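Shown next: target-v9.txt, given as compact mmCIF, C-alpha atoms.
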```txt
# COMPACT_ATOMS: atom_id res chain seq x y z
CA MET H 1 98.20 69.86 -23.02
CA VAL H 2 96.79 67.24 -20.62
CA HIS H 3 99.15 64.65 -19.17
CA ILE H 4 97.28 62.17 -16.97
CA THR H 5 99.68 59.42 -16.00
CA ASP H 6 97.31 57.22 -14.02
CA ASP H 7 94.17 57.17 -11.87
CA SER H 8 96.10 58.65 -8.96
CA ASP H 9 95.96 62.08 -10.62
CA ILE H 10 92.16 61.87 -10.59
CA LYS H 11 92.09 60.67 -6.99
CA TYR H 12 94.30 63.44 -5.63
CA MET H 13 92.53 66.13 -7.66
CA GLU H 14 89.19 64.95 -6.26
CA GLN H 15 90.64 65.45 -2.80
CA ALA H 16 91.86 68.92 -3.74
CA ILE H 17 88.35 69.80 -4.97
CA ALA H 18 86.81 68.62 -1.68
CA LEU H 19 89.27 70.81 0.22
CA ALA H 20 88.53 73.82 -1.99
CA LYS H 21 84.81 73.67 -1.22
CA LYS H 22 85.54 74.27 2.46
CA GLY H 23 86.21 77.89 1.54
CA ARG H 24 82.62 78.53 0.38
CA GLY H 25 81.25 81.72 1.86
CA TRP H 26 84.65 82.85 3.16
CA VAL H 27 86.85 83.68 0.15
CA ASN H 28 84.59 85.81 -2.11
CA PRO H 29 85.38 87.45 -4.46
CA ASN H 30 88.41 85.16 -4.70
CA PRO H 31 88.10 81.65 -6.18
CA LEU H 32 87.75 78.38 -4.31
CA VAL H 33 91.09 76.56 -4.48
CA GLY H 34 92.35 73.36 -2.89
CA ALA H 35 95.82 71.77 -2.97
CA VAL H 36 97.32 68.39 -2.12
CA ILE H 37 101.03 67.53 -2.03
CA VAL H 38 102.08 63.94 -2.71
CA LYS H 39 105.53 62.38 -2.25
CA ASP H 40 106.46 58.71 -2.57
CA HIS H 41 102.79 57.84 -3.20
CA LYS H 42 101.55 59.39 0.04
CA ILE H 43 99.97 62.72 0.95
CA ILE H 44 102.38 64.84 2.96
CA GLY H 45 100.51 68.14 2.89
CA GLN H 46 97.16 69.67 2.02
CA GLY H 47 95.43 73.01 2.27
CA TYR H 48 92.83 75.32 0.79
CA HIS H 49 92.15 79.03 0.43
CA GLU H 50 90.44 79.60 3.76
CA LYS H 51 89.49 83.27 3.74
CA TYR H 52 89.73 86.38 1.59
CA GLY H 53 93.14 87.98 2.01
CA GLY H 54 94.65 84.84 3.58
CA ASN H 55 97.23 82.42 2.24
CA HIS H 56 96.45 80.67 -1.02
CA ALA H 57 95.87 76.93 -1.08
CA GLU H 58 99.35 76.08 -2.39
CA VAL H 59 101.08 77.98 0.42
CA ASN H 60 98.84 76.40 3.08
CA ALA H 61 99.57 72.93 1.68
CA ILE H 62 103.33 73.59 1.71
CA GLU H 63 103.28 74.99 5.23
CA ASN H 64 101.12 72.11 6.47
CA SER H 65 103.45 69.47 5.01
CA ARG H 66 104.87 66.88 7.37
CA GLU H 67 108.19 66.73 5.53
CA SER H 68 110.17 68.50 2.83
CA VAL H 69 108.19 69.03 -0.38
CA GLU H 70 111.32 68.94 -2.54
CA GLY H 71 110.73 66.51 -5.41
CA ALA H 72 107.01 66.18 -4.60
CA THR H 73 103.93 66.56 -6.81
CA LEU H 74 101.50 69.41 -6.13
CA TYR H 75 97.85 68.96 -7.12
CA VAL H 76 95.95 72.25 -7.29
CA THR H 77 92.46 72.95 -8.62
CA LEU H 78 93.33 76.33 -10.20
CA GLU H 79 96.43 77.58 -11.97
CA PRO H 80 98.84 79.02 -9.35
CA CYS H 81 99.01 82.82 -9.30
CA ARG H 82 101.96 84.70 -10.77
CA HIS H 83 101.10 88.24 -9.69
CA HIS H 84 101.26 90.16 -6.44
CA GLY H 85 97.86 90.69 -4.84
CA LYS H 86 97.13 90.47 -1.14
CA THR H 87 99.71 87.64 -1.05
CA PRO H 88 102.97 86.94 -2.96
CA PRO H 89 102.92 84.87 -6.18
CA CYS H 90 102.45 81.15 -5.54
CA VAL H 91 104.65 80.19 -8.51
CA ASN H 92 107.63 81.73 -6.73
CA ARG H 93 107.02 79.60 -3.66
CA ILE H 94 106.61 76.45 -5.75
CA ILE H 95 109.91 77.11 -7.50
CA LYS H 96 111.67 77.96 -4.24
CA GLU H 97 110.50 74.73 -2.58
CA LYS H 98 111.79 72.67 -5.56
CA ILE H 99 108.49 70.90 -6.22
CA LYS H 100 109.05 68.52 -9.13
CA ARG H 101 105.61 68.31 -10.73
CA VAL H 102 102.44 70.43 -10.67
CA VAL H 103 99.05 69.02 -11.68
CA ILE H 104 96.46 71.74 -12.42
CA GLY H 105 92.69 71.37 -12.66
CA THR H 106 91.85 74.44 -14.74
CA LEU H 107 93.44 77.64 -15.98
CA ASP H 108 92.79 80.94 -14.23
CA PRO H 109 90.40 83.09 -16.36
CA ASN H 110 92.03 86.25 -15.00
CA GLU H 111 93.65 88.07 -17.94
CA LEU H 112 96.80 88.42 -15.79
CA MET H 113 97.05 84.63 -15.82
CA GLN H 114 95.54 82.40 -18.54
CA GLY H 115 98.40 79.91 -18.67
CA LYS H 116 101.26 82.33 -17.96
CA SER H 117 102.12 80.54 -14.69
CA ILE H 118 102.45 77.26 -16.53
CA LYS H 119 105.10 78.76 -18.81
CA ILE H 120 107.01 80.09 -15.81
CA LEU H 121 106.97 76.70 -14.11
CA ARG H 122 108.08 74.88 -17.25
CA ASP H 123 110.83 77.43 -17.81
CA HIS H 124 112.12 76.34 -14.40
CA ARG H 125 112.02 72.68 -15.52
CA ILE H 126 108.99 71.81 -13.41
CA GLU H 127 106.72 69.26 -15.08
CA VAL H 128 103.17 70.55 -15.48
CA SER H 129 100.01 68.57 -16.25
CA GLU H 130 96.83 70.55 -16.82
CA GLY H 131 93.15 69.90 -17.38
CA VAL H 132 92.71 67.17 -14.75
CA LEU H 133 89.01 67.23 -13.77
CA ALA H 134 88.84 70.61 -15.51
CA LYS H 135 85.03 70.63 -15.78
CA GLU H 136 84.56 69.98 -12.06
CA CYS H 137 87.17 72.60 -11.10
CA SER H 138 85.60 75.18 -13.41
CA GLN H 139 82.01 74.56 -12.24
CA MET H 140 83.11 75.03 -8.65
CA ASN H 141 84.23 78.57 -9.51
CA GLU H 142 81.34 79.76 -11.69
CA PHE H 143 81.03 82.92 -9.54
CA PHE H 144 84.69 83.80 -9.95
CA GLU H 145 84.82 83.06 -13.67
CA LYS H 146 81.99 85.47 -14.47
CA TYR H 147 83.06 88.17 -12.03
CA ILE H 148 86.73 88.25 -13.02
CA LYS H 149 85.77 88.64 -16.70
CA THR H 150 82.87 91.09 -16.39
CA LYS H 151 83.06 92.67 -12.90
CA ILE H 152 79.34 91.84 -12.65
CA PRO H 153 77.96 89.43 -10.01
CA PHE H 154 76.86 85.90 -10.85
CA VAL H 155 73.10 85.79 -10.13
CA ALA H 156 71.10 82.68 -9.24
CA MET H 157 67.32 82.80 -8.90
CA LYS H 158 65.89 80.56 -6.20
CA TYR H 159 62.22 79.86 -5.51
CA ALA H 160 60.00 77.15 -4.07
CA MET H 161 56.68 76.31 -5.67
CA THR H 162 53.94 73.70 -5.75
CA LEU H 163 53.22 71.35 -8.62
CA ASP H 164 50.80 73.92 -10.02
CA GLY H 165 53.45 76.65 -9.91
CA LYS H 166 52.25 78.55 -6.83
CA ILE H 167 54.60 80.24 -4.35
CA ALA H 168 51.80 81.04 -1.90
CA THR H 169 48.11 80.35 -1.33
CA HIS H 170 45.38 82.78 -2.38
CA THR H 171 45.66 84.24 1.16
CA GLN H 172 49.37 84.89 0.45
CA LYS H 173 50.56 82.28 2.98
CA SER H 174 53.80 80.55 1.97
CA LYS H 175 55.19 78.84 5.10
CA TRP H 176 56.03 76.20 4.28
CA ILE H 177 55.89 75.01 0.70
CA THR H 178 58.92 72.71 0.96
CA GLU H 179 59.96 70.50 3.86
CA ARG H 180 62.95 70.85 6.18
CA PRO H 181 65.64 69.14 4.01
CA ALA H 182 65.01 71.55 1.13
CA ARG H 183 64.91 74.55 3.44
CA GLN H 184 68.20 73.50 5.00
CA GLN H 185 69.76 73.18 1.55
CA VAL H 186 68.69 76.77 0.86
CA GLN H 187 70.62 77.82 3.96
CA ASP H 188 73.70 76.19 2.43
CA LEU H 189 73.08 78.20 -0.76
CA ARG H 190 72.90 81.39 1.28
CA LYS H 191 76.28 80.56 2.77
CA ALA H 192 77.84 80.18 -0.71
CA TYR H 193 76.52 83.43 -2.21
CA MET H 194 77.93 86.80 -1.21
CA GLY H 195 74.61 88.62 -1.42
CA ILE H 196 70.91 87.80 -1.14
CA MET H 197 68.42 89.99 -3.02
CA VAL H 198 64.67 90.48 -2.66
CA GLY H 199 62.08 93.07 -3.63
CA VAL H 200 60.50 95.52 -1.24
CA ASN H 201 57.15 93.66 -1.38
CA THR H 202 58.82 90.62 0.21
CA ILE H 203 60.02 92.84 3.06
CA ILE H 204 56.59 94.42 3.54
CA GLN H 205 54.67 91.13 3.42
CA ASP H 206 57.03 88.68 5.18
CA ASP H 207 59.47 90.87 7.19
CA PRO H 208 62.26 88.28 6.74
CA GLN H 209 65.66 88.23 8.44
CA LEU H 210 67.46 87.15 5.23
CA THR H 211 70.34 85.67 7.21
CA TYR H 212 72.31 82.44 7.25
CA ARG H 213 70.69 80.55 10.11
CA LEU H 214 73.05 77.59 10.49
CA THR H 215 76.35 77.52 12.38
CA ASP H 216 79.77 78.19 10.87
CA GLY H 217 78.98 80.69 8.18
CA ASN H 218 78.67 84.36 7.31
CA SER H 219 75.30 85.92 6.63
CA PRO H 220 75.11 87.25 3.05
CA ILE H 221 74.88 90.94 2.27
CA ARG H 222 71.18 91.80 2.09
CA ILE H 223 70.09 93.71 -1.02
CA ILE H 224 66.59 95.19 -1.21
CA CYS H 225 65.20 96.44 -4.54
CA ASP H 226 63.01 99.33 -3.44
CA THR H 227 62.35 101.76 -6.29
CA TYR H 228 60.47 104.36 -4.22
CA LEU H 229 61.87 103.71 -0.71
CA ARG H 230 58.92 101.92 0.84
CA THR H 231 60.94 99.63 3.12
CA PRO H 232 59.49 99.96 6.67
CA LEU H 233 61.95 101.52 9.09
CA ASP H 234 60.93 98.97 11.73
CA SER H 235 61.51 95.97 9.45
CA ASN H 236 64.01 93.31 10.48
CA VAL H 237 66.44 94.18 7.69
CA VAL H 238 66.59 97.82 8.74
CA ILE H 239 66.80 97.44 12.52
CA THR H 240 69.62 94.88 12.16
CA ALA H 241 71.52 96.75 9.42
CA ARG H 242 74.43 97.54 11.73
CA LYS H 243 74.92 93.83 12.39
CA VAL H 244 74.35 92.47 8.87
CA LYS H 245 75.39 94.59 5.89
CA THR H 246 72.22 95.81 4.18
CA ILE H 247 71.96 97.59 0.83
CA ILE H 248 68.80 99.32 -0.37
CA ALA H 249 68.74 99.92 -4.13
CA THR H 250 66.37 102.70 -5.13
CA GLY H 251 65.56 105.01 -8.00
CA VAL H 252 65.05 108.05 -5.77
CA SER H 253 67.34 109.97 -3.45
CA GLN H 254 64.87 111.86 -1.29
CA GLY H 255 64.39 110.18 2.07
CA LYS H 256 67.48 107.96 1.95
CA GLU H 257 69.02 109.66 5.01
CA LYS H 258 66.62 107.94 7.41
CA TYR H 259 67.85 104.54 6.20
CA GLU H 260 71.50 105.55 6.29
CA GLN H 261 71.03 106.69 9.90
CA GLN H 262 69.98 103.11 10.71
CA GLY H 263 73.16 101.70 9.12
CA CYS H 264 71.83 100.83 5.66
CA ILE H 265 73.80 101.54 2.49
CA VAL H 266 71.57 103.25 -0.09
CA ILE H 267 72.45 102.91 -3.77
CA THR H 268 70.65 105.11 -6.28
CA THR H 269 70.23 103.49 -9.70
CA LYS H 270 68.63 104.36 -12.99
CA ILE H 271 64.92 103.53 -13.34
CA LYS H 272 63.69 101.20 -16.07
CA ASN H 273 59.99 100.52 -16.64
CA MET H 274 59.15 102.25 -13.33
CA GLU H 275 61.50 99.89 -11.45
CA VAL H 276 65.14 99.72 -10.39
CA ASP H 277 67.33 99.20 -13.45
CA LEU H 278 68.79 95.84 -12.50
CA GLN H 279 71.63 95.93 -15.03
CA ASP H 280 72.74 99.27 -13.62
CA LEU H 281 72.44 97.84 -10.11
CA MET H 282 74.60 94.83 -11.02
CA LYS H 283 77.37 97.14 -12.23
CA LYS H 284 77.24 99.11 -8.99
CA LEU H 285 77.24 95.95 -6.84
CA GLY H 286 80.19 94.64 -8.84
CA GLN H 287 82.08 97.84 -8.00
CA LEU H 288 81.51 96.93 -4.35
CA LYS H 289 83.26 93.58 -5.06
CA ILE H 290 80.08 91.56 -4.66
CA ASP H 291 80.71 88.55 -6.89
CA SER H 292 77.51 86.53 -6.43
CA ILE H 293 73.86 87.08 -5.56
CA LEU H 294 71.10 84.66 -4.62
CA LEU H 295 67.83 86.15 -5.83
CA GLU H 296 64.96 85.17 -3.52
CA GLY H 297 62.40 87.61 -4.85
CA GLY H 298 58.72 87.29 -5.59
CA GLY H 299 57.16 86.88 -9.00
CA THR H 300 57.52 90.53 -10.02
CA LEU H 301 61.24 90.82 -9.25
CA ASN H 302 61.89 87.38 -10.73
CA TRP H 303 60.38 88.40 -14.06
CA SER H 304 62.23 91.72 -14.06
CA ALA H 305 65.51 89.90 -13.44
CA LEU H 306 64.88 87.48 -16.30
CA ASP H 307 63.58 90.22 -18.59
CA GLN H 308 66.68 92.34 -17.94
CA LYS H 309 68.89 89.27 -18.45
CA ILE H 310 70.81 89.36 -15.17
CA VAL H 311 70.03 85.77 -14.10
CA ASP H 312 72.71 83.13 -14.75
CA LYS H 313 71.21 80.12 -12.98
CA VAL H 314 67.88 78.92 -11.58
CA TYR H 315 67.21 76.76 -8.52
CA ALA H 316 63.54 75.71 -8.63
CA TYR H 317 62.36 73.69 -5.63
CA ILE H 318 59.13 71.85 -6.39
CA ALA H 319 56.93 70.41 -3.66
CA PRO H 320 54.49 67.57 -4.49
CA LYS H 321 51.55 69.73 -3.43
CA ILE H 322 48.78 71.62 -5.20
CA PHE H 323 47.39 74.95 -3.92
CA GLY H 324 45.06 75.79 -6.81
CA GLY H 325 43.04 78.97 -7.03
CA ASP H 326 44.16 82.45 -7.94
CA ALA H 327 47.50 82.31 -6.13
CA LEU H 328 50.90 83.88 -6.76
CA SER H 329 53.26 82.26 -9.24
CA ALA H 330 57.04 82.09 -9.14
CA VAL H 331 57.50 84.36 -12.15
CA SER H 332 54.81 86.91 -12.97
CA GLY H 333 55.09 90.16 -14.93
CA GLN H 334 54.09 90.28 -18.58
CA GLY H 335 55.94 87.14 -19.57
CA VAL H 336 56.65 86.03 -23.13
CA SER H 337 54.07 86.24 -25.91
CA LEU H 338 54.77 82.93 -27.65
CA PRO H 339 55.93 79.50 -26.42
CA ASP H 340 59.03 79.60 -28.61
CA GLN H 341 60.10 82.81 -26.85
CA ALA H 342 60.42 80.97 -23.53
CA ILE H 343 63.60 81.44 -21.50
CA GLN H 344 65.40 78.10 -21.63
CA LEU H 345 67.54 76.30 -19.08
CA ASP H 346 70.66 74.39 -20.15
CA GLN H 347 72.74 71.79 -18.28
CA THR H 348 69.68 70.95 -16.18
CA VAL H 349 69.92 68.63 -13.19
CA ILE H 350 67.03 67.09 -11.23
CA GLU H 351 67.70 66.20 -7.61
CA LYS H 352 65.44 64.73 -4.94
CA VAL H 353 65.71 66.65 -1.65
CA GLY H 354 63.75 64.85 1.04
CA CYS H 355 60.22 64.57 -0.36
CA ASP H 356 60.72 67.63 -2.60
CA TYR H 357 62.54 68.06 -5.92
CA LEU H 358 65.14 70.53 -7.14
CA ILE H 359 65.57 71.44 -10.80
CA LYS H 360 68.62 73.58 -11.49
CA GLY H 361 70.26 74.81 -14.67
CA LYS H 362 71.99 77.64 -16.50
CA VAL H 363 69.79 80.30 -18.12
CA MET H 364 69.99 80.59 -21.91
CA TYR H 365 68.76 83.90 -23.34
```
Represent the structure contained in this file as structure tokens.
Amino acid sequence: MVHITDDSDIKYMEQAIALAKKGRGWVNPNPLVGAVIVKDHKIIGQGYHEKYGGNHAEVNAIENSRESVEGATLYVTLEPCRHHGKTPPCVNRIIKEKIKRVVIGTLDPNELMQGKSIKILRDHRIEVSEGVLAKECSQMNEFFEKYIKTKIPFVAMKYAMTLDGKIATHTQKSKWITERPARQQVQDLRKAYMGIMVGVNTIIQDDPQLTYRLTDGNSPIRIICDTYLRTPLDSNVVITARKVKTIIATGVSQGKEKYEQQGCIVITTKIKNMEVDLQDLMKKLGQLKIDSILLEGGGTLNWSALDQKIVDKVYAYIAPKIFGGDALSAVSGQGVSLPDQAIQLDQTVIEKVGCDYLIKGKVMY
């Protein structure tokens, strides 16, 4: 049941959401959570989940408080935990500190939770309001919500193309389709996702670093789909594998030792249609606690990912340019046979990024 007393609940929850987002790229596979403590109409404490294995947002907010939190209201974006994990249950701390009211953004989708904390709090005569900015709190944790339910990573496909759908010229040159603001936004995306995945042809043609190139952030785990182990041993991803975690997914086992000697992790998957079975790969990556992947592949891998239904979201950057000719497209492969078989996007948003445009949305199969 939602109990919103006044606009102040919205205001303080918005602040908790802003705090939660500071944990992007640091807390995976845990959720982003922010907390604000209010007493006598003023904020006395705030905090967020800062890193995986560290204190939860509620505890940080309590410990950062300038005065006693007894009788205060706690605003938290996600239902407080009730189970022992890497840290003690937050509900116990809330009860111990005699907080009077707890305002929750959204329920925890974890089957260990799902409203059970709310019952505990109410049993201890703590007032609980839930569902405040629930949509915003839920969208912020789309990685966590899928991973905690399925143990399979949330996958977003990202590509940049021209108005005529080209990701490179007929000479296979692609630097740069979009301008600096869009490219910088992509760096922010890389910070948010736990892994970044490409096909072996991207490695052979472009020899990318596949790292987070801005300050204050972890580089994502690099995942290379390489069915027959063609990744060059002198490529950037291989020679830096001891510095940045690098996974090569392949359908063969012979020859993997030379990559493992360089520090790469080699995962052998099933083969589907002469390529890495991406659904099998997602299960194996989920077992490694990888909760989210940014797919930056070429047209072949992009189609395979859509065809095998592993893509949850699409980020399509569109530059107001035309390459023309017989150039590469963002999604190749066989494609659909009829227009009404097209893969649809839902909840689409169009955003101007510098002089380029971003269309993003959830994939509907």
With all atoms listed in the file as the basis for distance, which of H:Ala342, H:Ile37, H:Leu278, H:Ala192 is at the shortest distance from Cys225 in chain H?
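Ranked by minimum distance to Cys225 in chain H, first place goes to H:Leu278.
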Test item: residues at most 6 Å from range 9-18 of chain H, all atoms listed in the file, excluding those fewer than 6 positions along its chain, as a PyMOL selection string:
chain H and resi 34-36
Counting all atoms listed in the file, which residue out of H:Thr171, H:Tyr75, H:Gln205, H:Lys146 sits closest to Val132 in chain H?
H:Tyr75
Contacts of Asp356 in chain H within 12 Å, only C-alpha atoms, excl. fewer than 5 positions in-chain, as an MDAnalysis selection string:
chainID H and resid 160:163 176:183 185 316:321 350:351
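Comparing H:Ile224, H:Val128, H:Met282, H:Val27 by their smallest distance to Lys151 in chain H, the closest is H:Met282 (using only C-alpha atoms).
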Interatomic distance, CA of Pro31 in chain H to CA of Ile196 in chain H (Å, one decimal)
18.9 Å
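For the atom pair formed by CA of Val103 in chain H and CA of Gly25 in chain H, the distance is 25.7 Å, given to one decimal.
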Which of H:Ile247, H:Val76, H:Leu358, H:Ile343 sits closest to Ile290 in chain H [using all atoms listed in the file]
H:Ile247
Option closest in space to Glu296 in chain H, from H:Gly131, H:Gly361, H:Gly53, H:Gly195 [counting all atoms listed in the file]:
H:Gly195
Can you list, as number ranges by chain, every protein, DNA or RNA residue that comes within 6 Å of Ile152 in chain H when you count only C-alpha atoms, leaving out same-chain residues fewer than 4 positions away?
H: 147, 282-283, 286
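Put simply, CA of Gly105 in chain H is 19.6 Å away from CA of Arg125 in chain H.
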Take range 95-110 of chain H, bring it up to N, CA, C and O atoms, and give me the output as a PDB file, in the coordinates of the input.
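In the end it all went to selection33.pdb:
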```
ATOM      1  N   ILE H  95     108.543  77.210  -6.971  1.00  0.00           N
ATOM      2  CA  ILE H  95     109.910  77.110  -7.500  1.00  0.00           C
ATOM      3  C   ILE H  95     110.925  77.042  -6.364  1.00  0.00           C
ATOM      4  O   ILE H  95     111.845  76.217  -6.373  1.00  0.00           O
ATOM      5  N   LYS H  96     110.745  77.906  -5.377  1.00  0.00           N
ATOM      6  CA  LYS H  96     111.670  77.960  -4.240  1.00  0.00           C
ATOM      7  C   LYS H  96     111.712  76.633  -3.489  1.00  0.00           C
ATOM      8  O   LYS H  96     112.789  76.183  -3.056  1.00  0.00           O
ATOM      9  N   GLU H  97     110.570  75.980  -3.345  1.00  0.00           N
ATOM     10  CA  GLU H  97     110.500  74.730  -2.580  1.00  0.00           C
ATOM     11  C   GLU H  97     110.942  73.514  -3.399  1.00  0.00           C
ATOM     12  O   GLU H  97     110.941  72.398  -2.885  1.00  0.00           O
ATOM     13  N   LYS H  98     111.278  73.732  -4.681  1.00  0.00           N
ATOM     14  CA  LYS H  98     111.790  72.670  -5.560  1.00  0.00           C
ATOM     15  C   LYS H  98     110.795  71.524  -5.745  1.00  0.00           C
ATOM     16  O   LYS H  98     111.164  70.347  -5.740  1.00  0.00           O
ATOM     17  N   ILE H  99     109.508  71.896  -5.878  1.00  0.00           N
ATOM     18  CA  ILE H  99     108.490  70.900  -6.220  1.00  0.00           C
ATOM     19  C   ILE H  99     108.766  70.410  -7.636  1.00  0.00           C
ATOM     20  O   ILE H  99     109.077  71.201  -8.529  1.00  0.00           O
ATOM     21  N   LYS H 100     108.645  69.112  -7.849  1.00  0.00           N
ATOM     22  CA  LYS H 100     109.050  68.520  -9.130  1.00  0.00           C
ATOM     23  C   LYS H 100     107.955  68.585 -10.184  1.00  0.00           C
ATOM     24  O   LYS H 100     108.230  68.782 -11.369  1.00  0.00           O
ATOM     25  N   ARG H 101     106.703  68.403  -9.772  1.00  0.00           N
ATOM     26  CA  ARG H 101     105.610  68.310 -10.730  1.00  0.00           C
ATOM     27  C   ARG H 101     104.387  69.043 -10.173  1.00  0.00           C
ATOM     28  O   ARG H 101     104.107  68.972  -8.961  1.00  0.00           O
ATOM     29  N   VAL H 102     103.666  69.744 -11.062  1.00  0.00           N
ATOM     30  CA  VAL H 102     102.440  70.430 -10.670  1.00  0.00           C
ATOM     31  C   VAL H 102     101.309  69.945 -11.565  1.00  0.00           C
ATOM     32  O   VAL H 102     101.420  69.995 -12.801  1.00  0.00           O
ATOM     33  N   VAL H 103     100.221  69.482 -10.951  1.00  0.00           N
ATOM     34  CA  VAL H 103      99.050  69.020 -11.680  1.00  0.00           C
ATOM     35  C   VAL H 103      97.936  70.042 -11.437  1.00  0.00           C
ATOM     36  O   VAL H 103      97.556  70.293 -10.285  1.00  0.00           O
ATOM     37  N   ILE H 104      97.413  70.626 -12.511  1.00  0.00           N
ATOM     38  CA  ILE H 104      96.460  71.740 -12.420  1.00  0.00           C
ATOM     39  C   ILE H 104      95.100  71.303 -12.943  1.00  0.00           C
ATOM     40  O   ILE H 104      95.007  70.659 -13.992  1.00  0.00           O
ATOM     41  N   GLY H 105      94.053  71.683 -12.217  1.00  0.00           N
ATOM     42  CA  GLY H 105      92.690  71.370 -12.660  1.00  0.00           C
ATOM     43  C   GLY H 105      92.264  72.217 -13.841  1.00  0.00           C
ATOM     44  O   GLY H 105      91.917  71.711 -14.897  1.00  0.00           O
ATOM     45  N   THR H 106      92.306  73.546 -13.674  1.00  0.00           N
ATOM     46  CA  THR H 106      91.850  74.440 -14.740  1.00  0.00           C
ATOM     47  C   THR H 106      92.671  75.720 -14.731  1.00  0.00           C
ATOM     48  O   THR H 106      93.266  76.087 -13.703  1.00  0.00           O
ATOM     49  N   LEU H 107      92.718  76.380 -15.872  1.00  0.00           N
ATOM     50  CA  LEU H 107      93.440  77.640 -15.980  1.00  0.00           C
ATOM     51  C   LEU H 107      92.667  78.764 -15.302  1.00  0.00           C
ATOM     52  O   LEU H 107      91.443  78.725 -15.199  1.00  0.00           O
ATOM     53  N   ASP H 108      93.389  79.765 -14.848  1.00  0.00           N
ATOM     54  CA  ASP H 108      92.790  80.940 -14.230  1.00  0.00           C
ATOM     55  C   ASP H 108      92.259  81.853 -15.339  1.00  0.00           C
ATOM     56  O   ASP H 108      93.014  82.246 -16.236  1.00  0.00           O
ATOM     57  N   PRO H 109      90.963  82.222 -15.313  1.00  0.00           N
ATOM     58  CA  PRO H 109      90.400  83.090 -16.360  1.00  0.00           C
ATOM     59  C   PRO H 109      90.859  84.539 -16.266  1.00  0.00           C
ATOM     60  O   PRO H 109      90.604  85.322 -17.179  1.00  0.00           O
ATOM     61  N   ASN H 110      91.512  84.893 -15.159  1.00  0.00           N
ATOM     62  CA  ASN H 110      92.030  86.250 -15.000  1.00  0.00           C
ATOM     63  C   ASN H 110      92.987  86.563 -16.146  1.00  0.00           C
ATOM     64  O   ASN H 110      93.888  85.782 -16.454  1.00  0.00           O
TER      65      ASN H 110
END
```
